[in-house]
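**Student:** File target_21.cif follows (mmCIF, C-alpha atoms and all ligand atoms):
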```cif
data_query
loop_
_atom_site.label_atom_id
_atom_site.label_comp_id
_atom_site.auth_asym_id
_atom_site.auth_seq_id
_atom_site.Cartn_x
_atom_site.Cartn_y
_atom_site.Cartn_z
CA MET A 19 23.34 -5.95 0.21
CA THR A 20 20.41 -7.25 2.23
CA TYR A 21 17.86 -5.08 4.01
CA SER A 22 15.39 -6.34 6.56
CA ILE A 23 11.98 -4.74 6.66
CA SER A 24 9.17 -5.45 9.10
CA ILE A 25 5.71 -4.97 7.69
CA LEU A 26 2.83 -3.96 9.95
CA PRO A 27 -0.38 -3.76 7.90
CA GLY A 28 -2.49 -2.81 10.95
CA ASP A 29 -6.21 -2.22 10.40
CA GLY A 30 -8.84 -1.40 7.80
CA ILE A 31 -7.48 -0.05 4.54
CA GLY A 32 -4.00 -0.24 6.10
CA VAL A 33 -4.10 -3.97 5.37
CA GLU A 34 -5.45 -3.41 1.87
CA VAL A 35 -2.86 -0.86 0.77
CA ILE A 36 0.02 -2.83 2.31
CA ASP A 37 -1.05 -6.16 0.79
CA ALA A 38 -1.45 -4.57 -2.61
CA THR A 39 1.90 -2.77 -2.42
CA ARG A 40 3.86 -5.76 -1.09
CA PRO A 41 4.94 -7.13 -4.55
CA LEU A 42 6.41 -3.73 -5.39
CA LEU A 43 9.06 -4.26 -2.71
CA ASP A 44 10.40 -7.31 -4.54
CA ASP A 45 10.31 -5.49 -7.87
CA ALA A 46 12.33 -2.69 -6.29
CA ALA A 47 14.88 -5.14 -4.87
CA HIS A 48 15.18 -6.80 -8.26
CA ALA A 49 15.62 -3.46 -10.03
CA GLY A 50 18.08 -2.15 -7.46
CA GLY A 51 20.14 -5.32 -7.19
CA PHE A 52 19.69 -5.88 -3.48
CA GLU A 53 18.03 -8.48 -1.29
CA LEU A 54 15.07 -7.96 1.02
CA GLU A 55 14.10 -9.95 4.07
CA THR A 56 10.59 -9.05 5.08
CA THR A 57 8.49 -10.20 8.00
CA ARG A 58 4.84 -9.43 8.38
CA TYR A 59 3.36 -8.91 11.84
CA ASP A 60 -0.42 -8.98 12.01
CA TRP A 61 -0.69 -6.71 15.00
CA GLY A 62 -3.54 -4.29 15.50
CA SER A 63 -7.18 -4.11 16.43
CA GLU A 64 -8.14 -7.73 15.65
CA ARG A 65 -5.41 -8.82 18.04
CA TYR A 66 -6.68 -6.31 20.60
CA LEU A 67 -10.20 -7.70 20.38
CA GLU A 68 -8.91 -11.25 20.85
CA ALA A 69 -5.93 -10.89 23.16
CA GLY A 70 -6.43 -7.50 24.81
CA SER A 71 -3.42 -5.71 23.35
CA MET A 72 -2.52 -4.27 19.96
CA MET A 73 1.01 -5.68 20.01
CA PRO A 74 2.75 -8.40 22.05
CA ASP A 75 4.80 -7.33 25.09
CA ASP A 76 8.08 -7.84 23.25
CA ALA A 77 7.01 -5.95 20.12
CA ILE A 78 9.68 -3.27 20.44
CA GLU A 79 12.47 -5.84 20.94
CA THR A 80 11.11 -7.73 17.94
CA LEU A 81 11.19 -4.68 15.67
CA GLU A 82 14.49 -3.25 16.90
CA PRO A 83 16.85 -5.29 14.65
CA TYR A 84 15.09 -4.37 11.38
CA ASP A 85 16.50 -1.77 9.00
CA ALA A 86 13.09 -0.20 8.51
CA ILE A 87 9.40 -0.61 9.30
CA LEU A 88 6.52 -0.25 6.83
CA LEU A 89 3.20 0.47 8.52
CA GLY A 90 -0.33 0.62 7.08
CA ALA A 91 -2.67 2.31 9.55
CA VAL A 92 -4.35 1.58 12.85
CA GLY A 93 -7.86 2.38 14.03
CA HIS A 94 -11.07 0.39 14.51
CA PRO A 95 -14.64 1.65 14.82
CA ASP A 96 -15.26 -0.54 17.93
CA ILE A 97 -12.15 0.55 19.84
CA PRO A 98 -11.49 4.06 21.13
CA ASP A 99 -8.85 5.75 18.96
CA HIS A 100 -6.61 6.64 21.89
CA VAL A 101 -6.39 2.91 22.70
CA THR A 102 -5.34 1.89 19.18
CA LEU A 103 -2.94 4.78 18.61
CA ARG A 104 -1.35 4.55 22.05
CA GLY A 105 -1.26 0.77 21.76
CA MET A 106 0.69 0.53 18.54
CA MET A 107 1.80 3.56 16.57
CA LEU A 108 2.84 6.09 19.20
CA PRO A 109 4.90 3.56 21.23
CA ILE A 110 6.89 2.62 18.12
CA ARG A 111 7.61 6.25 17.23
CA LYS A 112 8.70 6.94 20.79
CA ALA A 113 10.65 3.73 21.53
CA PHE A 114 12.72 4.15 18.38
CA ASP A 115 13.27 7.89 18.83
CA GLN A 116 11.62 8.65 15.51
CA GLN A 117 11.81 12.34 16.31
CA VAL A 118 11.57 13.65 12.78
CA CYS A 119 8.39 13.17 10.80
CA LYS A 120 8.76 14.20 7.19
CA ARG A 121 5.59 14.67 5.14
CA PRO A 122 5.74 15.97 1.57
CA SER A 123 2.72 17.53 -0.15
CA VAL A 124 2.98 17.53 -3.91
CA LEU A 125 0.31 18.34 -6.46
CA PHE A 126 1.24 15.93 -9.25
CA ASP A 127 0.62 16.56 -12.93
CA GLY A 128 -2.75 15.12 -13.86
CA VAL A 129 -4.24 15.54 -10.37
CA GLU A 130 -6.88 18.11 -9.63
CA SER A 131 -6.60 20.14 -6.46
CA PRO A 132 -9.89 21.12 -4.80
CA LEU A 133 -8.43 24.62 -4.88
CA ARG A 134 -8.95 26.63 -8.05
CA GLY A 135 -6.07 27.70 -10.26
CA TYR A 136 -3.31 25.26 -9.41
CA ASP A 137 -1.63 22.94 -11.89
CA GLY A 138 0.71 20.02 -11.40
CA GLY A 139 3.94 21.13 -9.74
CA ASP A 140 2.46 24.36 -8.35
CA ILE A 141 2.13 22.87 -4.86
CA ASP A 142 5.30 21.26 -3.56
CA PHE A 143 6.16 21.64 0.10
CA VAL A 144 7.26 19.41 2.94
CA VAL A 145 6.25 19.55 6.59
CA TYR A 146 8.77 18.60 9.27
CA ARG A 147 6.73 17.56 12.25
CA GLU A 148 8.17 16.94 15.71
CA ASN A 149 7.18 13.36 16.34
CA THR A 150 7.75 12.11 19.89
CA GLU A 151 6.90 14.88 22.35
CA GLY A 152 5.08 18.23 22.28
CA GLU A 153 1.33 17.94 22.71
CA TYR A 154 1.47 14.14 22.26
CA ALA A 155 3.80 13.56 25.21
CA ASP A 156 2.10 11.17 27.56
CA ALA A 157 2.03 13.73 30.38
CA GLY A 158 -1.07 14.51 32.38
CA GLY A 159 -3.82 12.87 34.32
CA HIS A 160 -7.53 12.37 34.60
CA GLU A 161 -8.92 12.17 38.12
CA HIS A 162 -12.17 12.18 40.08
CA ARG A 163 -13.95 10.61 37.12
CA GLY A 164 -17.68 11.15 37.22
CA TYR A 165 -17.58 13.64 40.10
CA PRO A 166 -18.30 17.36 39.77
CA HIS A 167 -14.64 18.13 40.45
CA GLU A 168 -13.45 15.75 37.71
CA VAL A 169 -10.24 17.12 36.20
CA ALA A 170 -8.18 16.32 33.11
CA VAL A 171 -4.73 17.75 32.48
CA GLN A 172 -2.80 17.27 29.24
CA THR A 173 0.65 18.77 29.26
CA ALA A 174 2.80 19.55 26.24
CA VAL A 175 6.51 18.81 26.61
CA TYR A 176 9.32 20.45 24.63
CA THR A 177 12.88 19.35 25.28
CA ARG A 178 15.88 21.21 23.92
CA GLN A 179 17.19 18.01 22.32
CA GLY A 180 13.87 17.14 20.67
CA THR A 181 13.14 20.64 19.48
CA GLU A 182 16.63 21.21 18.15
CA THR A 183 16.55 17.87 16.32
CA ILE A 184 13.39 18.64 14.36
CA VAL A 185 14.40 22.25 13.73
CA ARG A 186 17.85 21.24 12.41
CA ALA A 187 16.30 18.59 10.16
CA ALA A 188 13.97 21.24 8.73
CA PHE A 189 16.79 23.70 8.12
CA GLU A 190 18.80 20.97 6.38
CA ALA A 191 15.81 20.19 4.17
CA ALA A 192 15.30 23.88 3.35
CA ARG A 193 18.97 24.19 2.42
CA SER A 194 18.64 21.27 0.00
CA ARG A 195 15.43 22.67 -1.53
CA GLU A 196 14.54 26.33 -2.15
CA GLY A 197 16.07 27.72 1.03
CA ARG A 198 12.80 28.83 2.63
CA LEU A 199 11.58 27.71 6.03
CA THR A 200 8.25 28.55 7.65
CA ASN A 201 8.25 28.16 11.42
CA VAL A 202 4.70 27.45 12.59
CA THR A 203 3.94 28.00 16.27
CA LYS A 204 1.38 29.65 18.55
CA SER A 205 3.70 31.66 20.71
CA ASN A 206 1.20 34.44 21.29
CA ALA A 207 -1.03 32.11 23.35
CA GLN A 208 1.37 29.37 24.47
CA ALA A 209 4.03 31.55 25.99
CA HIS A 210 6.19 28.81 27.51
CA GLY A 211 6.67 25.90 25.12
CA MET A 212 6.15 27.78 21.88
CA VAL A 213 8.28 30.76 22.87
CA PHE A 214 11.02 28.28 23.75
CA TRP A 215 10.51 26.66 20.32
CA ASP A 216 10.88 30.05 18.60
CA GLU A 217 14.09 30.66 20.52
CA VAL A 218 15.53 27.36 19.32
CA VAL A 219 14.62 28.23 15.71
CA GLU A 220 16.34 31.59 16.15
CA GLU A 221 19.49 29.96 17.57
CA VAL A 222 19.71 27.24 14.92
CA SER A 223 19.08 29.76 12.13
CA ALA A 224 22.52 31.23 12.86
CA ASP A 225 24.01 28.06 11.34
CA TYR A 226 21.89 28.46 8.18
CA PRO A 227 22.39 32.02 6.91
CA ASP A 228 21.38 30.77 3.44
CA VAL A 229 17.86 29.85 4.63
CA THR A 230 15.20 32.55 5.01
CA VAL A 231 12.83 32.03 7.91
CA GLU A 232 9.21 33.09 7.94
CA ARG A 233 7.16 32.88 11.15
CA LEU A 234 3.47 32.05 11.14
CA LEU A 235 0.98 31.34 13.90
CA VAL A 236 -0.71 28.01 13.29
CA ASP A 237 -4.16 29.45 12.63
CA ALA A 238 -2.78 31.80 10.00
CA ALA A 239 -0.68 28.96 8.58
CA SER A 240 -3.82 26.81 8.21
CA MET A 241 -5.43 29.62 6.25
CA ASP A 242 -2.35 30.22 4.13
CA LEU A 243 -1.99 26.53 3.22
CA VAL A 244 -5.38 26.96 1.55
CA ARG A 245 -4.90 30.54 0.33
CA ARG A 246 -1.33 30.32 -1.04
CA PRO A 247 -0.07 26.70 -0.86
CA ASP A 248 2.25 27.36 -3.81
CA GLU A 249 4.41 29.72 -1.75
CA PHE A 250 5.63 27.20 0.83
CA ASP A 251 8.87 25.23 0.70
CA VAL A 252 9.60 23.67 4.12
CA LEU A 253 7.43 24.05 7.19
CA VAL A 254 8.44 23.04 10.70
CA ALA A 255 5.89 22.48 13.46
CA SER A 256 5.16 20.73 16.72
CA ASN A 257 3.58 17.29 16.89
CA LEU A 258 -0.09 18.38 16.99
CA PHE A 259 0.28 21.32 14.63
CA GLY A 260 2.24 19.21 12.15
CA ASP A 261 -0.44 16.52 12.32
CA ILE A 262 -3.16 19.00 11.43
CA LEU A 263 -1.20 20.91 8.79
CA THR A 264 -0.35 17.70 6.94
CA ASP A 265 -4.01 16.74 6.53
CA ILE A 266 -4.53 20.15 4.93
CA GLY A 267 -1.43 19.53 2.82
CA ALA A 268 -2.77 16.14 1.76
CA ILE A 269 -6.12 17.41 0.59
CA VAL A 270 -4.93 20.57 -1.19
CA SER A 271 -2.62 18.34 -3.20
CA GLY A 272 -5.45 16.08 -4.28
CA SER A 273 -6.30 13.33 -1.81
CA MET A 274 -5.56 11.85 1.61
CA GLY A 275 -4.79 8.73 -0.37
CA MET A 276 -1.59 10.13 -1.85
CA ALA A 277 0.19 11.59 1.18
CA PRO A 278 3.27 9.63 2.32
CA SER A 279 5.35 10.02 5.47
CA ALA A 280 8.62 9.04 7.08
CA ASN A 281 9.22 8.76 10.84
CA ILE A 282 12.95 9.06 11.09
CA ASN A 283 15.42 8.05 13.76
CA VAL A 284 18.05 10.64 12.96
CA GLU A 285 20.98 8.90 14.62
CA GLY A 286 20.22 5.61 12.91
CA HIS A 287 20.48 3.48 16.06
CA SER A 288 16.90 2.21 15.66
CA PRO A 289 14.69 1.57 12.67
CA SER A 290 12.78 4.38 10.99
CA MET A 291 9.15 3.83 10.03
CA PHE A 292 7.34 4.67 6.80
CA GLU A 293 3.58 4.95 6.51
CA PRO A 294 0.80 6.68 4.62
CA VAL A 295 -0.50 9.78 6.44
CA HIS A 296 -4.06 8.49 6.28
CA GLY A 297 -5.79 6.27 8.82
CA SER A 298 -7.73 3.01 8.54
CA ALA A 299 -10.67 4.72 6.75
CA PRO A 300 -13.52 2.50 8.00
CA ASP A 301 -15.87 4.33 5.61
CA ILE A 302 -14.23 2.65 2.60
CA ALA A 303 -12.54 -0.38 4.18
CA GLY A 304 -13.27 -3.83 2.77
CA ARG A 305 -14.14 -2.60 -0.71
CA GLY A 306 -10.69 -2.75 -2.31
CA ILE A 307 -10.87 0.85 -3.49
CA ALA A 308 -8.39 2.61 -1.17
CA ASN A 309 -5.78 4.63 -2.99
CA PRO A 310 -2.44 2.82 -2.54
CA LEU A 311 -0.27 5.70 -3.79
CA ALA A 312 0.39 7.12 -0.30
CA THR A 313 1.86 3.74 0.57
CA VAL A 314 3.75 3.43 -2.71
CA LEU A 315 5.31 6.87 -2.12
CA SER A 316 6.10 5.88 1.48
CA VAL A 317 7.94 2.85 0.09
CA SER A 318 9.91 5.25 -2.12
CA MET A 319 10.84 7.26 0.99
CA LEU A 320 11.82 4.02 2.73
CA PHE A 321 14.28 3.05 0.01
CA ASP A 322 15.64 6.58 -0.12
CA HIS A 323 16.30 6.37 3.60
CA LEU A 324 18.10 3.04 3.16
CA GLY A 325 20.38 4.70 0.61
CA GLU A 326 18.75 3.15 -2.46
CA SER A 327 18.07 6.54 -3.97
CA GLU A 328 17.83 5.35 -7.57
CA VAL A 329 15.10 2.84 -6.83
CA ALA A 330 13.40 5.42 -4.64
CA ARG A 331 13.42 7.93 -7.49
CA ASP A 332 12.14 5.36 -9.99
CA ILE A 333 9.17 4.49 -7.77
CA TRP A 334 8.39 8.18 -7.33
CA ARG A 335 8.59 8.67 -11.11
CA ALA A 336 6.34 5.69 -11.75
CA VAL A 337 3.70 7.42 -9.63
CA GLU A 338 4.24 10.70 -11.49
CA SER A 339 3.90 8.95 -14.82
CA GLN A 340 0.75 7.10 -13.79
CA LEU A 341 -0.96 10.24 -12.53
CA ALA A 342 0.01 12.19 -15.64
CA ASP A 343 -1.55 9.47 -17.83
CA ALA A 344 -5.26 10.15 -18.29
CA ASP A 345 -5.85 6.52 -19.32
CA ALA A 346 -4.16 4.99 -16.28
CA PRO A 347 -6.22 3.35 -13.53
CA ARG A 348 -7.35 5.62 -10.69
CA THR A 349 -9.16 4.93 -7.47
CA PRO A 350 -12.50 6.68 -6.74
CA ASP A 351 -10.91 9.39 -4.56
CA LEU A 352 -9.21 10.60 -7.76
CA GLY A 353 -12.38 10.32 -9.79
CA GLY A 354 -11.72 6.86 -11.22
CA SER A 355 -13.19 3.42 -10.63
CA ALA A 356 -10.07 1.26 -10.38
CA THR A 357 -9.21 -1.04 -7.50
CA THR A 358 -6.29 -0.69 -5.12
CA GLU A 359 -4.60 -3.67 -6.76
CA ALA A 360 -5.06 -2.42 -10.32
CA VAL A 361 -3.33 0.83 -9.43
CA VAL A 362 -0.32 -0.99 -7.96
CA GLU A 363 -0.18 -3.41 -10.92
CA ASP A 364 0.06 -0.41 -13.23
CA ILE A 365 2.82 1.14 -11.07
CA ARG A 366 4.74 -2.16 -11.23
CA ALA A 367 4.46 -2.22 -15.02
CA ARG A 368 5.78 1.35 -15.22
CA LEU A 369 8.63 0.57 -12.84
P1 LIG A 401 -8.71 8.55 7.64
O1 LIG A 401 -7.42 9.08 7.13
O2 LIG A 401 -8.76 7.11 7.90
O3 LIG A 401 -9.88 8.95 6.62
C1 LIG A 401 -10.22 10.30 6.34
C2 LIG A 401 -10.97 10.37 5.00
O4 LIG A 401 -10.03 10.17 3.93
C3 LIG A 401 -12.02 9.28 4.85
O5 LIG A 401 -13.11 9.80 4.15
C4 LIG A 401 -11.32 8.22 4.02
O6 LIG A 401 -12.19 7.43 3.24
C5 LIG A 401 -10.39 9.05 3.14
N1 LIG A 401 -9.17 8.30 2.86
C6 LIG A 401 -8.15 8.05 3.72
N2 LIG A 401 -7.21 7.31 3.13
C7 LIG A 401 -7.64 7.06 1.87
C8 LIG A 401 -7.10 6.32 0.78
N3 LIG A 401 -5.92 5.67 0.86
N4 LIG A 401 -7.81 6.26 -0.36
C9 LIG A 401 -8.98 6.91 -0.47
N5 LIG A 401 -9.54 7.62 0.53
C10 LIG A 401 -8.88 7.69 1.69
O7 LIG A 401 -9.02 9.38 8.98
P2 LIG A 401 -10.22 9.20 10.02
O8 LIG A 401 -11.48 8.83 9.33
O9 LIG A 401 -10.16 10.41 10.85
O10 LIG A 401 -9.76 8.00 10.95
C11 LIG A 401 -10.15 6.65 10.78
C12 LIG A 401 -9.41 5.80 11.77
O11 LIG A 401 -8.01 5.84 11.47
C13 LIG A 401 -9.54 6.28 13.21
O12 LIG A 401 -9.63 5.14 14.01
C14 LIG A 401 -8.23 7.04 13.47
O13 LIG A 401 -7.84 7.03 14.81
C15 LIG A 401 -7.28 6.25 12.63
N6 LIG A 401 -6.11 7.01 12.17
C16 LIG A 401 -4.93 6.34 12.13
C17 LIG A 401 -3.82 6.94 11.61
C18 LIG A 401 -2.58 6.12 11.48
O14 LIG A 401 -2.59 4.93 11.72
N7 LIG A 401 -1.48 6.71 11.07
C19 LIG A 401 -3.85 8.32 11.11
C20 LIG A 401 -5.16 8.92 11.14
C21 LIG A 401 -6.25 8.28 11.66
MG MG A 402 -2.89 12.63 11.33
#
```
Write out the structure in this file as structure tokens.
**Tutor:**
Amino acid sequence: MTYSISILPGDGIGVEVIDATRPLLDDAAHAGGFELETTRYDWGSERYLEAGSMMPDDAIETLEPYDAILLGAVGHPDIPDHVTLRGMMLPIRKAFDQQVCKRPSVLFDGVESPLRGYDGGDIDFVVYRENTEGEYADAGGHEHRGYPHEVAVQTAVYTRQGTETIVRAAFEAARSREGRLTNVTKSNAQAHGMVFWDEVVEEVSADYPDVTVERLLVDAASMDLVRRPDEFDVLVASNLFGDILTDIGAIVSGSMGMAPSANINVEGHSPSMFEPVHGSAPDIAGRGIANPLATVLSVSMLFDHLGESEVARDIWRAVESQLADADAPRTPDLGGSATTEAVVEDIRARL
């Protein structure tokens, strides 16, 4: 078996965590008895500053044939964030119909939550975030710039197909876990899109009588992810809400540096993309101290998606074993002083 993977390190610590994690891919292939063909594309902000675009014109055609994409992060202090995100990450998610974004939040043994009273294993939930439409649909306009009647309109878009896809994926996940789904919306204030969303959840729930559904407004959900994170199993939310909730999920389970994600093309006709939840972190970039575990766990999710579940599980367990080991190297975000590379080297040894 041979899998092809395109690697897009991107910017800032994205490059650091991807470069450090790269050898782990070969270890995994060796352990799992399969071949990997990888190609690295140095697209991102440096390219933008030189050539005026984050990716070449044929980027999507170039990536299409791969089995999966591994992405670091994009974002540069000298370029507006909407230019970098809309120039590289969002177009890939949209072009390849990566409608389902899966983001687990796990408090591992040996990791301290900033919240009091939680031990390893107490926090273990997964957010299913709609990933190609909603509030991040490219719908709207900005006119009469600089005049008193300047106007900006940003429209959220919810299609039946897109909404049903993410909702079904979340119900499936709940069924395979503890059977509890929290539907996070804001249907008291957004009476069109979010009420429609609630209706789709209601309809789909008929197919999942074994899953209990809780409804929360997003502001209350934000509070409850801090107040009672141990009570959640699966959450489903729109693009913007899911984006915000998963940063809360990342930090209550220890660090932004440990939160992985999968952007999944459900039908499998285009590649899915795996990436850490975090951004390019200019505040720590260039120092070799970024936590690579979000990327390592994203690699685990990548192999799981390709059907290499044993290798995926072994990588996940290597991370668990490292974090549970008080003498193992840790990056500064986890209170240690180890480098990005030292952490991956230790993971490779455990694998
Ligand atoms: P960020 O996630 O880059 O950083 C937030 C905070 O978490 C910073 O203090 C950073 O040092 C820390 N952090 C993040 N990842 C870490 C890691 N692996 N190890 C240790 N500490 C880590 O978010 P921020 O600062 O809002 O955005 C920075 C840039 O990244 C912006 O240009 C933004 O647009 C972009 N961005 C890109 C994303 C992506 O490519 N998926 C996601 C989020 C932001
Ligand atoms: Mg985000």
**Student:** Could you give me, as a list in words, the residues within 6 Å of stretch 289-293 of chain A, counting all atoms listed in the file and dropping anything in the same chain fewer than 5 positions from it?
**Tutor:** Asp85, Ala86, Ile87, Leu88, Leu89, Gly90, Ser279, Ala280, Asn281, Ile282, Asn283 and Ser316 of chain A
**Student:** Which is closest to A:Ala336 among A:Leu352, A:Ile36, A:Ala207, A:Ala46, if we use all atoms listed in the file?
**Tutor:** A:Ala46
**Student:** Please find the residues contacting ligand MG 402 (chain A) at a distance of at most 9 Å between atoms, with only C-alpha atoms and all ligand atoms counted, and report them as a PyMOL selection string.
**Tutor:** chain A and resi 258+260-265+295-297
**Student:** Based on the selection just made, write C-alpha atoms of those residues as a short mmCIF file (atom, residue, chain, number, x, y, z; two decimals), in the coordinates of the input.
**Tutor:**
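Result file is out18.cif:
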```cif
data_model
loop_
_atom_site.label_atom_id
_atom_site.label_comp_id
_atom_site.auth_asym_id
_atom_site.auth_seq_id
_atom_site.Cartn_x
_atom_site.Cartn_y
_atom_site.Cartn_z
CA LEU A 258 -0.09 18.38 16.99
CA GLY A 260 2.24 19.21 12.15
CA ASP A 261 -0.44 16.52 12.32
CA ILE A 262 -3.16 19.00 11.43
CA LEU A 263 -1.20 20.91 8.79
CA THR A 264 -0.35 17.70 6.94
CA ASP A 265 -4.01 16.74 6.53
CA VAL A 295 -0.50 9.78 6.44
CA HIS A 296 -4.06 8.49 6.28
CA GLY A 297 -5.79 6.27 8.82
#
```
**Student:** I'd like to know which of A:Phe143, A:Thr20, A:Ser71, A:Pro278 is closest to A:Leu54, using all atoms listed in the file.
**Tutor:** A:Thr20
**Student:** If the limit is 7 Å from any atom of ligand LIG 401 (chain A), counting only C-alpha atoms and all ligand atoms, which residues qualify? Return them as a PyMOL selection string.
**Tutor:** chain A and resi 31+90-95+99+103+107+273-276+294-302+307-310+312+351
**Student:** Counting all atoms listed in the file, which of A:Leu81, A:Leu67, A:Ala209, A:Ala277 gets nearest to A:Met319?
**Tutor:**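 Checking each of A:Leu81, A:Leu67, A:Ala209, A:Ala277 against A:Met319, counting all atoms listed in the file, the winner is A:Ala277.
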**Student:** Within 6 Å of (-0.8, 26.8, -5.5) in the file's own coordinates, which protein, DNA or RNA residues have an atom, counting only C-alpha atoms? List them as a PyMOL selection string.
**Tutor:** chain A and resi 136+140-141+246-248
**Student:** Just the number, please: distance in Å from atom CA of A:Tyr146 to atom CA of A:Leu42, one decimal.
**Tutor:**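 Interatomic distance here is 26.8 Å.
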**Student:** So, counting all atoms listed in the file, which residue among A:Val218, A:Asp332, A:Gly353, A:Gly128 is closest to A:Gln179?
**Tutor:**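 Once distances to A:Gln179 are computed over all atoms listed in the file, the minimum belongs to A:Val218.
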**Student:** As an exercise, work out the distance from atom CA of A:Asp343 to atom CA of A:Asp45 in Å and give it to one decimal place.
**Tutor:**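 Here the two named atoms are 21.5 Å from each other.
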**Student:** May I ask you to restore N, CA and C atoms in stretch 245-256 of chain A and write the result as a PDB file, in the frame of the given file?
**Tutor:**
```pdb
ATOM      1  N   ARG A 245      -4.889  29.303   1.118  1.00  0.00           N
ATOM      2  CA  ARG A 245      -4.900  30.540   0.330  1.00  0.00           C
ATOM      3  C   ARG A 245      -3.718  30.629  -0.640  1.00  0.00           C
ATOM      4  N   ARG A 246      -2.520  30.167  -0.188  1.00  0.00           N
ATOM      5  CA  ARG A 246      -1.330  30.320  -1.040  1.00  0.00           C
ATOM      6  C   ARG A 246      -0.381  29.121  -0.869  1.00  0.00           C
ATOM      7  N   PRO A 247      -0.888  27.894  -1.100  1.00  0.00           N
ATOM      8  CA  PRO A 247      -0.070  26.700  -0.860  1.00  0.00           C
ATOM      9  C   PRO A 247       1.173  26.650  -1.743  1.00  0.00           C
ATOM     10  N   ASP A 248       1.119  27.381  -2.874  1.00  0.00           N
ATOM     11  CA  ASP A 248       2.250  27.360  -3.810  1.00  0.00           C
ATOM     12  C   ASP A 248       3.463  28.108  -3.283  1.00  0.00           C
ATOM     13  N   GLU A 249       3.288  28.887  -2.217  1.00  0.00           N
ATOM     14  CA  GLU A 249       4.410  29.720  -1.750  1.00  0.00           C
ATOM     15  C   GLU A 249       5.270  29.048  -0.690  1.00  0.00           C
ATOM     16  N   PHE A 250       4.875  27.840  -0.242  1.00  0.00           N
ATOM     17  CA  PHE A 250       5.630  27.200   0.830  1.00  0.00           C
ATOM     18  C   PHE A 250       6.704  26.255   0.274  1.00  0.00           C
ATOM     19  N   ASP A 251       7.779  26.140   1.053  1.00  0.00           N
ATOM     20  CA  ASP A 251       8.870  25.230   0.700  1.00  0.00           C
ATOM     21  C   ASP A 251       8.998  24.174   1.808  1.00  0.00           C
ATOM     22  N   VAL A 252       9.516  24.581   2.966  1.00  0.00           N
ATOM     23  CA  VAL A 252       9.600  23.670   4.120  1.00  0.00           C
ATOM     24  C   VAL A 252       8.877  24.335   5.284  1.00  0.00           C
ATOM     25  N   LEU A 253       8.056  23.560   5.979  1.00  0.00           N
ATOM     26  CA  LEU A 253       7.430  24.050   7.190  1.00  0.00           C
ATOM     27  C   LEU A 253       7.904  23.191   8.362  1.00  0.00           C
ATOM     28  N   VAL A 254       8.078  23.809   9.514  1.00  0.00           N
ATOM     29  CA  VAL A 254       8.440  23.040  10.700  1.00  0.00           C
ATOM     30  C   VAL A 254       7.414  23.348  11.784  1.00  0.00           C
ATOM     31  N   ALA A 255       6.965  22.291  12.480  1.00  0.00           N
ATOM     32  CA  ALA A 255       5.890  22.480  13.460  1.00  0.00           C
ATOM     33  C   ALA A 255       5.937  21.406  14.531  1.00  0.00           C
ATOM     34  N   SER A 256       5.254  21.687  15.625  1.00  0.00           N
ATOM     35  CA  SER A 256       5.160  20.730  16.720  1.00  0.00           C
ATOM     36  C   SER A 256       4.306  19.532  16.297  1.00  0.00           C
TER      37      SER A 256
END
```
